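Working notes, structure below.
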Amino acid sequence: MIPVLIGVTILIFAITQLFDPYMRASLYIRDPRQAKNIEGIIRKYGLDQPVYIQYFRWLDQVLHGNLGWSQSIHMPVLDALLTHFPATAELALYAAPLTIIIGTALGKLAAVKKDTAVDHLTRIMAIIGWSLPSFWLGIMLLAIFYGGLGIFSPGRLSTWAENLVLSGKFKVYTGLYTIDAILNLNGAVLLDALSHLVLPVTTLVIINMALLMRIMRSSMLEQLNKTYVIAARARGLKWKTVIDKHATRNALISVVTISGLLTAGMLSGMVITETVFEFKGIGYWAAHAATQLDIPAVLGFALFAGMVFVVANLIVDILYAYIDPRIRLG
Amino acid sequence: MRETPLSIVGLAIVIFFTIIAIAAPVLAPPRPGRDPYMIPRYGYSPIPKPPSPEHPFGLTQGQYDLYYGVIWGTRAAYRIGVLIIAVSALIGIVVGGVAGYYGGIIDEVLMRITDIIFAFPGLILAMALVVAFGPGLDSVTLAMVLVWWPGYARLIRGEFLRIRSEDFVEAAKAIGCSDLRVIVKHILPNAIYPLLIMASLDIGSVVLNVAALSFLGLGAPEGYADWGQLISLSRNWITGKPGDPFAYWYVYTIPGLFLFLFVMGWNLLGDALRDVMDPMIRRR
């Protein structure tokens, strides 16, 4: 994992080498007033030095949390990441478990009812979910539920709730508005925050659950053909018990192995989904920064996404060894 | 191929789009002397106009003709998709072939490079690269190639590892064939089929990613026949008019449906083919 993390920083650093030293200086600025002294920054961070020296000075800055200045929203990149993170975390908090639960449940159902109408229906759902452009799905959902029915709207909160949150009467503990609303015992804000989550979460779930459904289905079918299933049946266990207690547990192992891929899908999906629904998380901010050619912001975001993905894959590997003794002991 | 109803639907969709792409100059004749990939516009008003006999799919924001846009958008999708895949596959063959044939430290270094690229969610790395190169279709093509080739390199490397120890390779080396000759004449013809199949079916995903970048405003210049951009132009019109919430249904429904069906057609075809080829193709 450590070599890959180093590789990730080298790749991001390599991209910065496409720019001239003046442009690159913005990657080290923490305050726009520093921009007056560009020559000083070029000297200070060795931007006129050989590449490997520049890399280590840059890495030193990154490890100290200095990712440069984001001109598109006028704050340091790290601050921007931290400010926007709670919104993304809130989306993930609902989208990830729902994707896993619905995806595995439907995959299991398809396998148990193999070659019936249910199986074909879930297969078609998987192919549709896999092929739907997330940005188009988002727009269609908004057209129907916002434009047409007027039930759900884009953004994170309605104007009145946003004013309340900003007014100081509502204490912001985590930045995840649904959790903060519970902590403030404010049911109206909770409902408002939840209603704004419905469409983006639905989009993320539909797009990402296709992969899970397919993996769960094939893995479940594989388990149902194993001899331990026949043995359990022969001992007189109920079919339902065999499926729920024996086959499902083993089938879930392969779901764990692909959850790294799911993280990548979620991260990419966040950029698109947050942009469509004007849900102001890190994906929205990064996409907005990208259109403004705010290079430090986009590179900082890419570095962050790479780190998250690498760490997620590490967690998957550990989890895999934990739940499957054959890997741990083999 | 196993003939399931779904695979036939997939094949039909793919044939439909291929015909549209080939026949684009007939279906939507471009104005002489103009770049055919630029959509003609009929005025400068931002407000879309509904379908009419002259403009069967209506005019989108900026009075761009939607029918012309989706027809030439099909051709543009194939053009950029095939280009990205062809270049990625070529790089994949060279890198994967060298890594698999020589092994050792060369293999180690090349495969670590693919690891680093795989360490990023593809769309996010592509987005960062496009911003670094400066927005535009050339940047999108280059960025997508840089993100896409490692998959092919790993596939080819795996095939090379399998084949290089076979008797006919040993025999070719024994009679004094050069490395290049062994690679190109003996191993490659046996290693390339899984890549050809995987690469040709990837066109749906590649086009989807390119459209996503266009949607974010990083791809084609304004007015270029591009599904992602047409969908992006529709974002302001989802609320309709008072009393008629779906007044502008054509601006968001039509280009999105084209992109969705195109990707689904290729995915259905790929699904059917993978069922048959599964043991042969090692998925990424």
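Ligands are numbered from 1 in the order shown, residues from 1 within each chain, and chains are lettered A, B, ... in the order they appear in the structure tokens.
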
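The shell of residues at most 8 Å from region 255-264 of chain B, with only C-alpha atoms counted and near chain neighbours (fewer than 4 positions) removed, consists of A:Ile127, A:Ile128, A:Trp130, A:Ser131, A:Leu132, A:Pro133, A:Trp136, B:Gly10, B:Ile13, B:Val14, B:Phe17, B:Leu66, B:Val70, B:Ile203, B:Gly204, B:Ser205, B:Val207, B:Leu208, B:Trp227, B:Gly228, B:Leu230, B:Ile231, B:Val251, B:Leu268.
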
> Which polymer residues have any atom within 12 Å of an atom of Gly40 (chain A), counting only C-alpha atoms, with same-chain residues fewer than 6 positions away left out, as a VMD selection string?
Replying inline: chain A and resid 21 to 22 25 28 to 29 34 46 to 48

Written file, previous selection with N, CA and C atoms, as a compact mmCIF listing (two decimals), in the first residue's frame:
```txt
# COMPACT_ATOMS: atom_id res chain seq x y z
N PRO A 21 6.96 27.46 -13.91
CA PRO A 21 7.17 27.69 -12.47
C PRO A 21 6.20 28.72 -11.88
N TYR A 22 5.80 29.72 -12.66
CA TYR A 22 4.90 30.74 -12.12
C TYR A 22 3.55 30.13 -11.77
N ALA A 25 3.74 27.86 -8.79
CA ALA A 25 3.87 28.55 -7.51
C ALA A 25 2.54 28.59 -6.77
N TYR A 28 1.71 26.33 -3.90
CA TYR A 28 2.34 26.46 -2.59
C TYR A 28 1.78 27.63 -1.80
N ILE A 29 0.93 28.42 -2.46
CA ILE A 29 0.43 29.63 -1.81
C ILE A 29 -0.68 29.27 -0.83
N GLN A 34 0.54 36.37 -0.81
CA GLN A 34 1.85 35.81 -1.14
C GLN A 34 2.14 35.90 -2.63
N GLY A 46 12.09 25.83 -4.26
CA GLY A 46 13.04 25.20 -5.18
C GLY A 46 12.46 24.91 -6.54
N LEU A 47 11.54 25.75 -7.02
CA LEU A 47 10.93 25.48 -8.31
C LEU A 47 11.93 25.67 -9.46
N ASP A 48 13.11 26.26 -9.16
CA ASP A 48 14.16 26.34 -10.18
C ASP A 48 15.20 25.25 -9.95
```

> Taking only C-alpha atoms into account, what are the residues of chain A at most 8 Å from chain B, put as a ChimeraX atom specification?
Replying inline: /A:4,7-8,11,15-16,18,127-128,130-133,135-136,139-140,142-143,146-148,264-265,267-268,272,287,290-291,293,295,298-299,302,305-306,309-310

>> At a cut-off of 8 Å, using only C-alpha atoms, what residues contact Ile100 (chain A)? Leave out same-chain residues fewer than 3 positions from it and give the result as a list in words.
In response: Ala96, Pro97, Gly103, Thr104, Met209 and Leu212 of chain A

>> Just to confirm, what's the straight-line distance from CA of Gly300 (chain A) to CA of Trp285 (chain A) in Å (one decimal)?
In response: 11.4 Å

>> Let's see if you can do this: from backbone DSSP, list all strand (DSSP E or B) residues in region 36-241 of chain A, as a VMD selection string.
In response: chain A and resid 69 to 70 75 to 76

> CA of Val87 (chain B) to CA of Ala14 (chain A): how many Å, to one decimal?
Replying inline: 21.6 Å

> If you run DSSP on this backbone, which residues of region 20-263 of chain B come out as alpha helix (DSSP H), and could you give them as a ChimeraX atom specification?
Replying inline: /B:20-27,66-102,104-118,122-133,137-163,167-174,179-181,188-201,203-215,227-233,249-263

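For the pair CA of Arg41 (chain B) and CA of Val140 (chain B), the separation is 24.8 Å.
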
Which residues are near Ser134 (chain A)? Cut-off 7 Å, only C-alpha atoms, ignore same chain within fewer than 6 positions. Put them as a PDB file with N, CA and C atoms, in the first residue's frame.
```
ATOM      1  N   THR A 203     -30.108   8.288  -7.146  1.00  0.00           N
ATOM      2  CA  THR A 203     -29.227   8.227  -8.317  1.00  0.00           C
ATOM      3  C   THR A 203     -28.012   7.363  -8.036  1.00  0.00           C
ATOM      4  N   ILE A 207     -27.193   3.660  -9.908  1.00  0.00           N
ATOM      5  CA  ILE A 207     -25.995   3.509 -10.742  1.00  0.00           C
ATOM      6  C   ILE A 207     -25.055   2.445 -10.179  1.00  0.00           C
ATOM      7  N   ILE A 272     -20.391  13.715 -10.289  1.00  0.00           N
ATOM      8  CA  ILE A 272     -21.504  13.950 -11.202  1.00  0.00           C
ATOM      9  C   ILE A 272     -22.781  14.259 -10.433  1.00  0.00           C
ATOM     10  N   THR A 273     -23.103  13.400  -9.451  1.00  0.00           N
ATOM     11  CA  THR A 273     -24.375  13.540  -8.739  1.00  0.00           C
ATOM     12  C   THR A 273     -24.454  14.871  -8.002  1.00  0.00           C
TER      13      THR A 273
END
```

>> Which residues are near Pro200 (chain A)? Cut-off 12 Å, only C-alpha atoms, ignore same chain within fewer than 5 positions. Put them as number ranges by chain.
In response: A: 87-88, 90-92, 94-96, 134-135, 137-142, 145, 152-156, 193-195, 205-207, 266, 269-281
